[in-house]
Amino acid sequence: MPVTVDVGGASHALIDKVFDYFEHIDRRFSTYRTDSEISAINRGDVPVRDWSGEMMEVLALAEQTKNETDGYFDIRKPDGSLDPSGIVKGWAIRNAAEIVRQGGVSDFFIEAGGDIQASGKNGEGKDWSVGIRNPFNADEVIKIVYPRGRGVATSGTYVRGQHIYNPHGAGAPIADIVSLTVIGADVLEADRFATAAFAMGRDGIFFLEQTPGLEGYVVDIDGRATPTSGFGALCTP
């Protein structure tokens with residue numbers, strides 16, 4: 001997936017460190033690589049005692065999220081294998097942001113596959129802004145939000161097709177919504193709850209409304225958009 005790192009005034013060494021970190025995470029967690037740790041685990045090649053600390057941390061976060069969402073977030077696939085993709089991206093971006101902060105930089109924007117962590121100001125001295133794409137027209141932005149240090153994550157079917165399923169519905173694909181954006185305290189919070197809320201279908205926006213610290217914006221299959229009650233405040237420059 002494309003990764004964008006905009007780090008104002010940072011050295012090339014710091015930027016390289018961030019991209020090296022993402023490459024490391026890909027080698028450990030990618031389900032598309034046969035040589036990744038998660039692929040080895042799913043083949044049964046690695047006993048639990050030999051799983052990495054990073055793997056254990058992500059799996060613990062996944063279990064926590066499953067419990068917090070009544071099971072709508074579940075990294076275990078119907079065949080029994082593990083796919084942490086719905087949480088590891090936000091986790092990795094959050095960690096990359098910490099690498100930048102430890103490098104002495106407070107103004108930055110990190111985006112990977114549509115999930116975003118921004119901090120401080122952009123190169124023009126203004127708040128970072130994030131556009132929400134029209135799921136029916138990739139060239140159109142339908143909302144602009146100003147996260148001001150919060151994290152943003154979008155789940156949807158309009159780019160990757162059906163890849164999120166209702167774990168309570170016999171693995172049925174989500175057909176009533178096409179895009180759901182979540183803004184949370186940081187990108188990890190946004191990412192893990194975006195996946196879970198999307199799996200809830202139309203009920204996902206109500207879950208976000210009732211969960212402290214989260215705001216959301218959903219577009220349904222008919223093109224109707226529904227925001228949470230506090231979402232509008234994040235659209236003001």
# chains A, B, ... in the order shown; residues from 1 in each chain; ligands from 1
>>> residues_around(residues="range 66-81 of chain A", least_positions_apart="6", cutoff="7 Å", atoms="only C-alpha atoms", output="list in words")
Asn42, Asn166, Pro167, Thr195, Ala196, Ala199 and Met200 of chain A
>>> residues_around(residues="Ile15 in chain A", least_positions_apart="3", cutoff="10 Å", atoms="only C-alpha atoms", output="list of chain:residue names")
A:Val5, A:Asp6, A:Val7, A:Ala10, A:Ser11, A:His12, A:Val18, A:Phe19, A:Asp20, A:Tyr21, A:Ala96, A:Ile99, A:Val100, A:Gly103
>>> residues_around(residues="range 54-57 of chain A", least_positions_apart="4", cutoff="9 Å", atoms="only C-alpha atoms", output="PDB file with N, CA, C and O atoms, in the first residue's frame")
ATOM      1  N   ARG A  28       7.052  -8.749   9.207  1.00  0.00           N
ATOM      2  CA  ARG A  28       6.542  -9.529  10.335  1.00  0.00           C
ATOM      3  C   ARG A  28       5.060  -9.871  10.180  1.00  0.00           C
ATOM      4  O   ARG A  28       4.630 -10.988  10.505  1.00  0.00           O
ATOM      5  N   PHE A  29       4.247  -8.943   9.675  1.00  0.00           N
ATOM      6  CA  PHE A  29       2.798  -9.105   9.759  1.00  0.00           C
ATOM      7  C   PHE A  29       2.083  -9.339   8.427  1.00  0.00           C
ATOM      8  O   PHE A  29       0.877  -9.605   8.431  1.00  0.00           O
ATOM      9  N   GLU A  37       6.287 -13.547   9.779  1.00  0.00           N
ATOM     10  CA  GLU A  37       6.026 -14.293  11.015  1.00  0.00           C
ATOM     11  C   GLU A  37       4.583 -14.764  11.071  1.00  0.00           C
ATOM     12  O   GLU A  37       4.308 -15.899  11.474  1.00  0.00           O
ATOM     13  N   ILE A  38       3.640 -13.909  10.664  1.00  0.00           N
ATOM     14  CA  ILE A  38       2.225 -14.298  10.759  1.00  0.00           C
ATOM     15  C   ILE A  38       1.931 -15.468   9.820  1.00  0.00           C
ATOM     16  O   ILE A  38       1.155 -16.366  10.171  1.00  0.00           O
ATOM     17  N   LEU A  61      -3.980  -6.620  21.608  1.00  0.00           N
ATOM     18  CA  LEU A  61      -4.836  -5.503  21.230  1.00  0.00           C
ATOM     19  C   LEU A  61      -6.060  -5.981  20.443  1.00  0.00           C
ATOM     20  O   LEU A  61      -7.167  -5.461  20.610  1.00  0.00           O
ATOM     21  N   ALA A  62      -5.853  -6.974  19.597  1.00  0.00           N
ATOM     22  CA  ALA A  62      -6.963  -7.525  18.825  1.00  0.00           C
ATOM     23  C   ALA A  62      -7.997  -8.174  19.738  1.00  0.00           C
ATOM     24  O   ALA A  62      -9.209  -8.005  19.553  1.00  0.00           O
TER      25      ALA A  62
END
>>> residues_around(residues="range 140-153 of chain A", least_positions_apart="2", cutoff="9 Å", atoms="only C-alpha atoms", output="ChimeraX atom specification")
/A:90,94,114-121,127-138,155,180-195,231-237
>>> select_by_dssp(residues="range 59-107 of chain A", states="helix (DSSP H, G or I)", output="list in words")
Leu59, Ala60, Leu61, Ala62, Glu63, Gln64, Thr65, Lys66, Asn67, Glu68, Ser85, Gly86, Ile87, Val88, Lys89, Gly90, Trp91, Ala92, Ile93, Arg94, Asn95, Ala96, Ala97, Glu98, Ile99, Val100, Arg101 and Gln102 of chain A
>>> closest_residue(among="A:Ala60, A:Val88, A:Leu214, A:Ile41", to="Ala112 in chain A", atoms="only C-alpha atoms")
A:Val88
>>> select_by_dssp(residues="range 8-223 of chain A", states="strand (DSSP E)", output="ChimeraX atom specification")
/A:108-112,115-119,130-134,137-145,151-156,165-166,172-173,177-184,215-220
>>> closest_residue(among="A:Gly156, A:Val178, A:Val105, A:Ile110", to="Ile93 in chain A", atoms="only C-alpha atoms")
A:Ile110
>>> residues_around(residues="Gly9 in chain A", least_positions_apart="6", cutoff="10 Å", atoms="only C-alpha atoms", output="number ranges by chain")
A: 105-108, 123
>>> write_last_selection(atoms="C-alpha atoms", output="tab-separated table (two decimals), in the first residue's frame")
chain	number	residue	atom	x	y	z
A	105	VAL	CA	9.86	16.74	15.30
A	106	SER	CA	6.34	17.78	16.29
A	107	ASP	CA	4.95	18.80	12.88
A	108	PHE	CA	4.28	15.73	10.75
A	123	GLY	CA	4.38	23.56	5.83
>>> residues_around(residues="Ala175 in chain A", least_positions_apart="2", cutoff="8 Å", atoms="only C-alpha atoms", output="number ranges by chain")
A: 173, 177-178, 201, 221
>>> atom_distance(atom1="CA of Asp83 in chain A", atom2="CA of Gly44 in chain A")
14.2 Å
>>> closest_residue(among="A:Phe207, A:Tyr32, A:Phe22, A:Trp51", to="Ala97 in chain A", atoms="only C-alpha atoms")
A:Phe22
>>> closest_residue(among="A:Ser229, A:Ser30, A:Glu63, A:Phe198", to="Gly213 in chain A", atoms="only C-alpha atoms")
A:Ser229
